There are 2 protein chains.
Amino acid sequence: MPTPTRASAAKPTLSTRDHVLDVAERLAQTRGFNGFSYADIAAELKVTKASLHYHFPIKTDLGCALIERYGQRFGAALGQIDASGRPALRQLESYVQLYTDVLQGGRLCLCGMLAAEFMTLAEPMQRALRGFFNDNEAWLARLMESGRQAGELSFDGPAAEAANALTSALEGAMLLARSYGDPARFVTAADRLLRAFAPATKDGNRRRHSAGRRR
Amino acid sequence: MPTPTRASAAKPTLSTRDHVLDVAERLAQTRGFNGFSYADIAAELKVTKASLHYHFPIKTDLGCALIERYGQRFGAALGQIDASGRPALRQLESYVQLYTDVLQGGRLCLCGMLAAEFMTLAEPMQRALRGFFNDNEAWLARLMESGRQAGELSFDGPAAEAANALTSALEGAMLLARSYGDPARFVTAADRLLRAFAPATKDGNRRRHSAGRRR
DNA sequence: TGGCTAACTTACCTACTGGTAAGTAGCCGA
DNA sequence: TCGGCTACTTACCAGTAGGTAAGTTAGCCA
């Protein structure tokens, strides 16, 4: 399969390398980075291990590429939420929906999974991982702070702390929900979290938001 | 080292087997269950791999023993919290402190770590893991429900859901805090969570609890 | 004192791990 | 048409994984 005629559009070949990343990503999100081998990917794509090493000389290269691509996609999704211009609480719901979608595909957040394996990862992967969480938290904190200022969200303390707490809680909820094979567990926990950020109503209660399916 | 004269007290030998579990536990909590091998334990204890296989024929046996012992210790700690007879919010703080202590030792919760690796674990370990989370959630739900009835805690919805959400959030907060090598991140997130369960005061705000060190 | 058992060790096995070296097939631009 | 490049393959490799078989040693009990 020698570069399938490089199609019409862009420059990069958009082929084997991407397929490798797709498979590796799925394996990493379900079994962990230490839970799959080059041989697993090779078997699935019906190529040789050596061909994988051509694209990603050592496994750390593969891991870094995985985090980078995941981070870019995630960033793009956040950009879309931004662009929607909806109220902050709705944007927060969309943010949570990102996690729900991943879990419903039987996966964990790639970076949550890698965080568990953190101590076994080479330093470049550790750095990339922290970068992902930093970007994520920065975006969330910005949303939350502006939401609070607009009176659309309510919480106390620094927005960065609230953002970190929310991300952490979502990562943990994915972990536990998958152990029970029950994504609904995640949705329930996530709803509860979101409710805590809804602004108080006149009677002093917090607004109860959509009990049903969003989106 | 043939059964060190079976000492004075109890029946089991309280020796190599326990040392093996100690080392395996630490490795599992730092590197994950797939992140260490029999050889790692053997090297550290200066015994042969085969001797480990004598105590735990296959790795799944070791894993199950790990979860069982961890669950018993955790259960005992919960029993002590129960027995303290302190107000529910204080008990909740003690519960959180259990997690803080683990993290400060550079470790993750054993079962949180195993939850990440869930899909790679043999069925007996998966069952044992769900058992741990069930027990944990049942204890927490009981505490929270009775705390709510006593007016010492405030939250809405089923106590079991609140319990699941709290445990999930703590597990996730450990994960992220360790990636940053910064246990304070965990403490901050945990404080925020606890605050959400404190009963409302007359002025409609939630009581701000001890910003400093508990315990 | 002689056999039984617990707790090992020595020596080995197969499968798989990440990784490499050297070759090759097809395209592409000069 | 020829050299060079990309994207592979074949054929390896050493190290490590989990696991086993068979022996050894020391205490314990009858």
# chains A, B, ... in the order shown; residues from 1 in each chain; ligands from 1
>>> closest_atom_pairs(of="stretch 43-131 of chain B", to="stretch 166-178 of chain B", cutoff="7 Å", atoms="only C-alpha atoms", output="Markdown table")
| residue | atom | partner | partner_atom | distance |
| --- | --- | --- | --- | --- |
| B:Leu103 | CA | B:Met174 | CA | 6.7 |
| B:Leu108 | CA | B:Met174 | CA | 6.4 |
| B:Gly112 | CA | B:Glu171 | CA | 6.0 |
>>> closest_atom_pairs(of="chain D", to="chain B", cutoff="8 Å", atoms="only C-alpha atoms (C1' of nucleotides)", output="JSON lines")
{"residue": "D:DA17", "atom": "C1'", "partner": "B:Ser37", "partner_atom": "CA", "distance": 7.4}
{"residue": "D:DG18", "atom": "C1'", "partner": "B:Ile58", "partner_atom": "CA", "distance": 7.7}
{"residue": "D:DG19", "atom": "C1'", "partner": "B:Ile58", "partner_atom": "CA", "distance": 7.6}
{"residue": "D:DA26", "atom": "C1'", "partner": "B:Pro2", "partner_atom": "CA", "distance": 6.7}
{"residue": "D:DG27", "atom": "C1'", "partner": "B:Pro2", "partner_atom": "CA", "distance": 7.9}
>>> calpha_fit_and_write(fixed="chain B", moving="chain A", output="PDB file with C-alpha atoms, in the first residue's frame")
ATOM      1  CA  MET A   1      13.804 -18.793  56.325  1.00  0.00           C
ATOM      2  CA  PRO A   2      11.562 -21.652  57.508  1.00  0.00           C
ATOM      3  CA  THR A   3       8.661 -20.150  59.383  1.00  0.00           C
ATOM      4  CA  PRO A   4      10.333 -17.979  62.034  1.00  0.00           C
ATOM      5  CA  THR A   5       9.305 -19.979  65.090  1.00  0.00           C
ATOM      6  CA  ARG A   6       5.670 -19.087  64.609  1.00  0.00           C
ATOM      7  CA  ALA A   7       5.975 -16.474  67.418  1.00  0.00           C
ATOM      8  CA  SER A   8       3.685 -16.341  70.403  1.00  0.00           C
ATOM      9  CA  ALA A   9       0.301 -15.238  69.152  1.00  0.00           C
ATOM     10  CA  ALA A  10      -1.924 -16.114  66.188  1.00  0.00           C
ATOM     11  CA  LYS A  11      -1.951 -18.990  63.761  1.00  0.00           C
ATOM     12  CA  PRO A  12      -0.765 -17.837  60.322  1.00  0.00           C
ATOM     13  CA  THR A  13       2.923 -17.392  59.802  1.00  0.00           C
ATOM     14  CA  LEU A  14       2.854 -13.658  59.150  1.00  0.00           C
ATOM     15  CA  SER A  15       5.970 -13.729  57.097  1.00  0.00           C
ATOM     16  CA  THR A  16       7.055 -14.087  53.491  1.00  0.00           C
ATOM     17  CA  ARG A  17       3.537 -14.164  52.140  1.00  0.00           C
ATOM     18  CA  ASP A  18       2.806 -10.850  53.804  1.00  0.00           C
ATOM     19  CA  HIS A  19       6.062  -9.338  52.649  1.00  0.00           C
ATOM     20  CA  VAL A  20       5.191 -10.386  49.111  1.00  0.00           C
ATOM     21  CA  LEU A  21       1.811  -8.738  49.430  1.00  0.00           C
ATOM     22  CA  ASP A  22       3.395  -5.584  50.849  1.00  0.00           C
ATOM     23  CA  VAL A  23       5.787  -5.221  47.944  1.00  0.00           C
ATOM     24  CA  ALA A  24       3.198  -6.185  45.337  1.00  0.00           C
ATOM     25  CA  GLU A  25       0.755  -3.727  46.813  1.00  0.00           C
ATOM     26  CA  ARG A  26       3.212  -0.869  46.645  1.00  0.00           C
ATOM     27  CA  LEU A  27       4.162  -1.749  43.063  1.00  0.00           C
ATOM     28  CA  ALA A  28       0.532  -2.100  42.017  1.00  0.00           C
ATOM     29  CA  GLN A  29      -0.353   1.245  43.564  1.00  0.00           C
ATOM     30  CA  THR A  30       2.498   3.077  41.909  1.00  0.00           C
ATOM     31  CA  ARG A  31       3.019   1.280  38.582  1.00  0.00           C
ATOM     32  CA  GLY A  32      -0.197  -0.648  38.115  1.00  0.00           C
ATOM     33  CA  PHE A  33      -0.885  -4.375  38.116  1.00  0.00           C
ATOM     34  CA  ASN A  34       0.533  -4.718  34.604  1.00  0.00           C
ATOM     35  CA  GLY A  35       3.440  -2.518  35.562  1.00  0.00           C
ATOM     36  CA  PHE A  36       5.325  -5.013  37.685  1.00  0.00           C
ATOM     37  CA  SER A  37       6.347  -8.656  37.417  1.00  0.00           C
ATOM     38  CA  TYR A  38       7.098 -11.536  39.728  1.00  0.00           C
ATOM     39  CA  ALA A  39      10.756 -10.842  39.017  1.00  0.00           C
ATOM     40  CA  ASP A  40      10.454  -7.327  40.475  1.00  0.00           C
ATOM     41  CA  ILE A  41       9.076  -8.638  43.743  1.00  0.00           C
ATOM     42  CA  ALA A  42      11.576 -11.491  43.866  1.00  0.00           C
ATOM     43  CA  ALA A  43      14.507  -9.132  43.380  1.00  0.00           C
ATOM     44  CA  GLU A  44      13.321  -6.821  46.104  1.00  0.00           C
ATOM     45  CA  LEU A  45      12.730  -9.594  48.631  1.00  0.00           C
ATOM     46  CA  LYS A  46      15.799 -11.548  47.518  1.00  0.00           C
ATOM     47  CA  VAL A  47      13.850 -14.731  46.941  1.00  0.00           C
ATOM     48  CA  THR A  48      13.286 -16.633  43.710  1.00  0.00           C
ATOM     49  CA  LYS A  49      10.334 -16.173  41.398  1.00  0.00           C
ATOM     50  CA  ALA A  50       9.392 -19.797  41.991  1.00  0.00           C
ATOM     51  CA  SER A  51       8.972 -19.106  45.671  1.00  0.00           C
ATOM     52  CA  LEU A  52       6.416 -16.443  44.813  1.00  0.00           C
ATOM     53  CA  HIS A  53       4.584 -18.939  42.642  1.00  0.00           C
ATOM     54  CA  TYR A  54       4.481 -21.222  45.669  1.00  0.00           C
ATOM     55  CA  HIS A  55       2.441 -18.638  47.557  1.00  0.00           C
ATOM     56  CA  PHE A  56       0.503 -17.311  44.568  1.00  0.00           C
ATOM     57  CA  PRO A  57       0.476 -19.881  41.745  1.00  0.00           C
ATOM     58  CA  ILE A  58      -0.682 -17.437  39.089  1.00  0.00           C
ATOM     59  CA  LYS A  59      -0.648 -13.666  39.042  1.00  0.00           C
ATOM     60  CA  THR A  60      -4.421 -13.483  39.304  1.00  0.00           C
ATOM     61  CA  ASP A  61      -4.147 -15.215  42.697  1.00  0.00           C
ATOM     62  CA  LEU A  62      -1.771 -12.509  43.807  1.00  0.00           C
ATOM     63  CA  GLY A  63      -4.128  -9.849  42.485  1.00  0.00           C
ATOM     64  CA  CYS A  64      -7.121 -11.296  44.282  1.00  0.00           C
ATOM     65  CA  ALA A  65      -5.189 -11.574  47.540  1.00  0.00           C
ATOM     66  CA  LEU A  66      -4.127  -7.963  47.096  1.00  0.00           C
ATOM     67  CA  ILE A  67      -7.694  -6.758  46.678  1.00  0.00           C
ATOM     68  CA  GLU A  68      -8.955  -8.887  49.539  1.00  0.00           C
ATOM     69  CA  ARG A  69      -6.384  -7.661  52.011  1.00  0.00           C
ATOM     70  CA  TYR A  70      -6.768  -4.079  50.867  1.00  0.00           C
ATOM     71  CA  GLY A  71     -10.518  -4.365  51.252  1.00  0.00           C
ATOM     72  CA  GLN A  72     -10.196  -5.787  54.740  1.00  0.00           C
ATOM     73  CA  ARG A  73      -7.876  -3.044  55.881  1.00  0.00           C
ATOM     74  CA  PHE A  74     -10.063  -0.423  54.311  1.00  0.00           C
ATOM     75  CA  GLY A  75     -13.087  -1.947  55.972  1.00  0.00           C
ATOM     76  CA  ALA A  76     -11.313  -1.915  59.314  1.00  0.00           C
ATOM     77  CA  ALA A  77     -10.467   1.764  58.874  1.00  0.00           C
ATOM     78  CA  LEU A  78     -14.104   2.499  58.093  1.00  0.00           C
ATOM     79  CA  GLY A  79     -15.082   0.573  61.203  1.00  0.00           C
ATOM     80  CA  GLN A  80     -12.837   2.793  63.277  1.00  0.00           C
ATOM     81  CA  ILE A  81     -14.390   5.906  61.781  1.00  0.00           C
ATOM     82  CA  ASP A  82     -17.799   4.508  62.640  1.00  0.00           C
ATOM     83  CA  ALA A  83     -16.681   3.752  66.166  1.00  0.00           C
ATOM     84  CA  SER A  84     -15.385   7.280  66.666  1.00  0.00           C
ATOM     85  CA  GLY A  85     -18.973   8.422  66.999  1.00  0.00           C
ATOM     86  CA  ARG A  86     -18.091  11.860  65.698  1.00  0.00           C
ATOM     87  CA  PRO A  87     -20.535  13.937  63.639  1.00  0.00           C
ATOM     88  CA  ALA A  88     -21.103  12.821  60.070  1.00  0.00           C
ATOM     89  CA  LEU A  89     -19.169  15.670  58.483  1.00  0.00           C
ATOM     90  CA  ARG A  90     -16.145  14.867  60.648  1.00  0.00           C
ATOM     91  CA  GLN A  91     -16.446  11.228  59.685  1.00  0.00           C
ATOM     92  CA  LEU A  92     -16.533  12.254  56.054  1.00  0.00           C
ATOM     93  CA  GLU A  93     -13.340  14.199  56.644  1.00  0.00           C
ATOM     94  CA  SER A  94     -11.720  11.133  58.167  1.00  0.00           C
ATOM     95  CA  TYR A  95     -12.831   9.155  55.142  1.00  0.00           C
ATOM     96  CA  VAL A  96     -11.128  11.650  52.840  1.00  0.00           C
ATOM     97  CA  GLN A  97      -8.059  11.540  55.045  1.00  0.00           C
ATOM     98  CA  LEU A  98      -7.736   7.841  54.226  1.00  0.00           C
ATOM     99  CA  TYR A  99      -7.208   8.799  50.596  1.00  0.00           C
ATOM    100  CA  THR A 100      -4.893  11.671  51.462  1.00  0.00           C
ATOM    101  CA  ASP A 101      -2.645   9.348  53.441  1.00  0.00           C
ATOM    102  CA  VAL A 102      -2.354   6.933  50.540  1.00  0.00           C
ATOM    103  CA  LEU A 103      -1.516   9.704  48.089  1.00  0.00           C
ATOM    104  CA  GLN A 104       1.039  11.237  50.394  1.00  0.00           C
ATOM    105  CA  GLY A 105       2.839   7.904  50.289  1.00  0.00           C
ATOM    106  CA  GLY A 106       3.213   8.438  46.539  1.00  0.00           C
ATOM    107  CA  ARG A 107       0.547   5.863  45.806  1.00  0.00           C
ATOM    108  CA  LEU A 108      -2.862   5.714  44.234  1.00  0.00           C
ATOM    109  CA  CYS A 109      -5.802   3.845  45.682  1.00  0.00           C
ATOM    110  CA  LEU A 110      -5.131   0.207  44.757  1.00  0.00           C
ATOM    111  CA  CYS A 111      -8.623  -0.261  43.452  1.00  0.00           C
ATOM    112  CA  GLY A 112      -8.646   2.987  41.521  1.00  0.00           C
ATOM    113  CA  MET A 113      -5.516   1.842  39.768  1.00  0.00           C
ATOM    114  CA  LEU A 114      -6.984  -1.586  39.066  1.00  0.00           C
ATOM    115  CA  ALA A 115     -10.138   0.056  37.765  1.00  0.00           C
ATOM    116  CA  ALA A 116      -8.036   1.724  35.085  1.00  0.00           C
ATOM    117  CA  GLU A 117      -6.611  -1.641  34.068  1.00  0.00           C
ATOM    118  CA  PHE A 118      -9.999  -3.302  34.426  1.00  0.00           C
ATOM    119  CA  MET A 119     -10.230  -4.664  30.892  1.00  0.00           C
ATOM    120  CA  THR A 120      -6.915  -6.506  31.218  1.00  0.00           C
ATOM    121  CA  LEU A 121      -7.800  -8.217  34.496  1.00  0.00           C
ATOM    122  CA  ALA A 122      -9.004 -11.795  34.845  1.00  0.00           C
ATOM    123  CA  GLU A 123     -12.602 -12.200  35.853  1.00  0.00           C
ATOM    124  CA  PRO A 124     -11.954 -13.085  39.524  1.00  0.00           C
ATOM    125  CA  MET A 125     -10.105  -9.809  39.969  1.00  0.00           C
ATOM    126  CA  GLN A 126     -12.876  -7.906  38.238  1.00  0.00           C
ATOM    127  CA  ARG A 127     -15.432  -9.407  40.587  1.00  0.00           C
ATOM    128  CA  ALA A 128     -13.328  -8.671  43.653  1.00  0.00           C
ATOM    129  CA  LEU A 129     -12.887  -5.103  42.492  1.00  0.00           C
ATOM    130  CA  ARG A 130     -16.589  -4.507  42.096  1.00  0.00           C
ATOM    131  CA  GLY A 131     -17.039  -6.020  45.536  1.00  0.00           C
ATOM    132  CA  PHE A 132     -14.644  -3.491  46.986  1.00  0.00           C
ATOM    133  CA  PHE A 133     -16.451  -0.577  45.402  1.00  0.00           C
ATOM    134  CA  ASN A 134     -19.820  -1.935  46.489  1.00  0.00           C
ATOM    135  CA  ASP A 135     -18.736  -2.239  50.114  1.00  0.00           C
ATOM    136  CA  ASN A 136     -17.169   1.163  50.028  1.00  0.00           C
ATOM    137  CA  GLU A 137     -20.208   2.801  48.525  1.00  0.00           C
ATOM    138  CA  ALA A 138     -22.565   1.015  50.922  1.00  0.00           C
ATOM    139  CA  TRP A 139     -20.647   2.272  53.930  1.00  0.00           C
ATOM    140  CA  LEU A 140     -20.492   5.807  52.585  1.00  0.00           C
ATOM    141  CA  ALA A 141     -24.151   5.835  51.637  1.00  0.00           C
ATOM    142  CA  ARG A 142     -25.112   4.713  55.116  1.00  0.00           C
ATOM    143  CA  LEU A 143     -23.014   7.450  56.692  1.00  0.00           C
ATOM    144  CA  MET A 144     -24.414  10.070  54.376  1.00  0.00           C
ATOM    145  CA  GLU A 145     -28.009   9.071  54.804  1.00  0.00           C
ATOM    146  CA  SER A 146     -27.820   9.053  58.576  1.00  0.00           C
ATOM    147  CA  GLY A 147     -25.857  12.304  58.476  1.00  0.00           C
ATOM    148  CA  ARG A 148     -28.525  13.907  56.380  1.00  0.00           C
ATOM    149  CA  GLN A 149     -31.243  12.702  58.714  1.00  0.00           C
ATOM    150  CA  ALA A 150     -29.347  14.142  61.661  1.00  0.00           C
ATOM    151  CA  GLY A 151     -29.068  17.466  59.832  1.00  0.00           C
ATOM    152  CA  GLU A 152     -25.285  17.181  59.811  1.00  0.00           C
ATOM    153  CA  LEU A 153     -25.008  16.773  56.066  1.00  0.00           C
ATOM    154  CA  SER A 154     -26.852  18.286  53.176  1.00  0.00           C
ATOM    155  CA  PHE A 155     -27.282  16.945  49.688  1.00  0.00           C
ATOM    156  CA  ASP A 156     -30.115  15.899  47.458  1.00  0.00           C
ATOM    157  CA  GLY A 157     -30.966  12.707  45.666  1.00  0.00           C
ATOM    158  CA  PRO A 158     -30.272   9.154  46.826  1.00  0.00           C
ATOM    159  CA  ALA A 159     -27.393   8.785  49.269  1.00  0.00           C
ATOM    160  CA  ALA A 160     -26.001   5.978  47.123  1.00  0.00           C
ATOM    161  CA  GLU A 161     -25.638   8.377  44.223  1.00  0.00           C
ATOM    162  CA  ALA A 162     -23.940  10.966  46.362  1.00  0.00           C
ATOM    163  CA  ALA A 163     -21.637   8.297  47.734  1.00  0.00           C
ATOM    164  CA  ASN A 164     -20.715   7.099  44.270  1.00  0.00           C
ATOM    165  CA  ALA A 165     -20.096  10.660  43.133  1.00  0.00           C
ATOM    166  CA  LEU A 166     -17.844  11.367  46.106  1.00  0.00           C
ATOM    167  CA  THR A 167     -15.774   8.208  45.716  1.00  0.00           C
ATOM    168  CA  SER A 168     -15.428   8.811  41.994  1.00  0.00           C
ATOM    169  CA  ALA A 169     -14.304  12.364  42.545  1.00  0.00           C
ATOM    170  CA  LEU A 170     -11.719  11.330  45.113  1.00  0.00           C
ATOM    171  CA  GLU A 171     -10.321   8.620  42.845  1.00  0.00           C
ATOM    172  CA  GLY A 172     -10.030  11.076  39.981  1.00  0.00           C
ATOM    173  CA  ALA A 173      -8.473  13.744  42.125  1.00  0.00           C
ATOM    174  CA  MET A 174      -5.776  11.297  43.236  1.00  0.00           C
ATOM    175  CA  LEU A 175      -5.048  10.455  39.638  1.00  0.00           C
ATOM    176  CA  LEU A 176      -4.547  14.034  38.552  1.00  0.00           C
ATOM    177  CA  ALA A 177      -2.743  15.182  41.682  1.00  0.00           C
ATOM    178  CA  ARG A 178      -0.140  12.452  41.268  1.00  0.00           C
ATOM    179  CA  SER A 179       0.451  13.391  37.642  1.00  0.00           C
ATOM    180  CA  TYR A 180       1.428  16.815  38.908  1.00  0.00           C
ATOM    181  CA  GLY A 181       3.418  15.301  41.759  1.00  0.00           C
ATOM    182  CA  ASP A 182       1.390  17.619  43.955  1.00  0.00           C
ATOM    183  CA  PRO A 183      -0.780  16.077  46.707  1.00  0.00           C
ATOM    184  CA  ALA A 184      -1.980  19.573  47.635  1.00  0.00           C
ATOM    185  CA  ARG A 185      -4.013  19.521  44.470  1.00  0.00           C
ATOM    186  CA  PHE A 186      -5.891  16.568  45.881  1.00  0.00           C
ATOM    187  CA  VAL A 187      -6.462  18.229  49.230  1.00  0.00           C
ATOM    188  CA  THR A 188      -7.845  21.334  47.563  1.00  0.00           C
ATOM    189  CA  ALA A 189     -10.252  19.347  45.418  1.00  0.00           C
ATOM    190  CA  ALA A 190     -11.300  17.176  48.348  1.00  0.00           C
ATOM    191  CA  ASP A 191     -11.996  20.192  50.549  1.00  0.00           C
ATOM    192  CA  ARG A 192     -14.188  21.611  47.841  1.00  0.00           C
ATOM    193  CA  LEU A 193     -16.128  18.362  47.667  1.00  0.00           C
ATOM    194  CA  LEU A 194     -16.620  18.162  51.394  1.00  0.00           C
ATOM    195  CA  ARG A 195     -17.816  21.745  51.534  1.00  0.00           C
ATOM    196  CA  ALA A 196     -20.626  20.797  49.176  1.00  0.00           C
ATOM    197  CA  PHE A 197     -21.949  18.354  51.759  1.00  0.00           C
ATOM    198  CA  ALA A 198     -21.840  20.733  54.714  1.00  0.00           C
ATOM    199  CA  PRO A 199     -25.290  21.866  55.804  1.00  0.00           C
ATOM    200  CA  ALA A 200     -26.343  25.424  54.880  1.00  0.00           C
ATOM    201  CA  THR A 201     -25.984  28.080  57.572  1.00  0.00           C
ATOM    202  CA  LYS A 202     -28.587  30.736  58.401  1.00  0.00           C
ATOM    203  CA  ASP A 203     -27.233  33.253  55.877  1.00  0.00           C
ATOM    204  CA  GLY A 204     -27.651  30.746  53.102  1.00  0.00           C
ATOM    205  CA  ASN A 205     -23.966  30.031  52.655  1.00  0.00           C
ATOM    206  CA  ARG A 206     -22.339  26.719  53.274  1.00  0.00           C
ATOM    207  CA  ARG A 207     -20.108  26.414  56.246  1.00  0.00           C
ATOM    208  CA  ARG A 208     -16.492  26.750  55.299  1.00  0.00           C
ATOM    209  CA  HIS A 209     -14.631  24.034  57.066  1.00  0.00           C
ATOM    210  CA  SER A 210     -11.075  23.849  58.338  1.00  0.00           C
ATOM    211  CA  ALA A 211      -8.801  25.320  55.685  1.00  0.00           C
ATOM    212  CA  GLY A 212      -5.811  23.854  57.504  1.00  0.00           C
ATOM    213  CA  ARG A 213      -4.640  20.382  58.248  1.00  0.00           C
ATOM    214  CA  ARG A 214      -7.119  18.006  59.758  1.00  0.00           C
ATOM    215  CA  ARG A 215      -6.470  15.254  62.226  1.00  0.00           C
TER     216      ARG A 215
END
>>> interface_residues(of="chain C", to="chain B", cutoff="10 Å", atoms="only C-alpha atoms (C1' of nucleotides)", output="VMD selection string")
chain C and resid 6 to 10
>>> write_last_selection(atoms="C-alpha atoms (C1' of nucleotides)", output="PDB file, in the first residue's frame")
ATOM      1  C1'  DA C   6       5.966 -26.214  54.475  1.00  0.00           C
ATOM      2  C1'  DA C   7       8.835 -23.328  52.285  1.00  0.00           C
ATOM      3  C1'  DC C   8      11.656 -22.837  49.602  1.00  0.00           C
ATOM      4  C1'  DT C   9      15.728 -23.223  45.257  1.00  0.00           C
ATOM      5  C1'  DT C  10      17.690 -24.629  40.766  1.00  0.00           C
TER       6       DT C  10
END
>>> select_by_dssp(residues="stretch 11-163 of chain B", states="alpha helix (DSSP H)", output="VMD selection string")
chain B and resid 16 to 31 38 to 45 49 to 55 59 to 84 88 to 104 110 to 116 123 to 149 159 to 163
>>> atom_distance(atom1="atom C1' of C:DT24", atom2="atom C1' of D:DC13")
21.6 Å
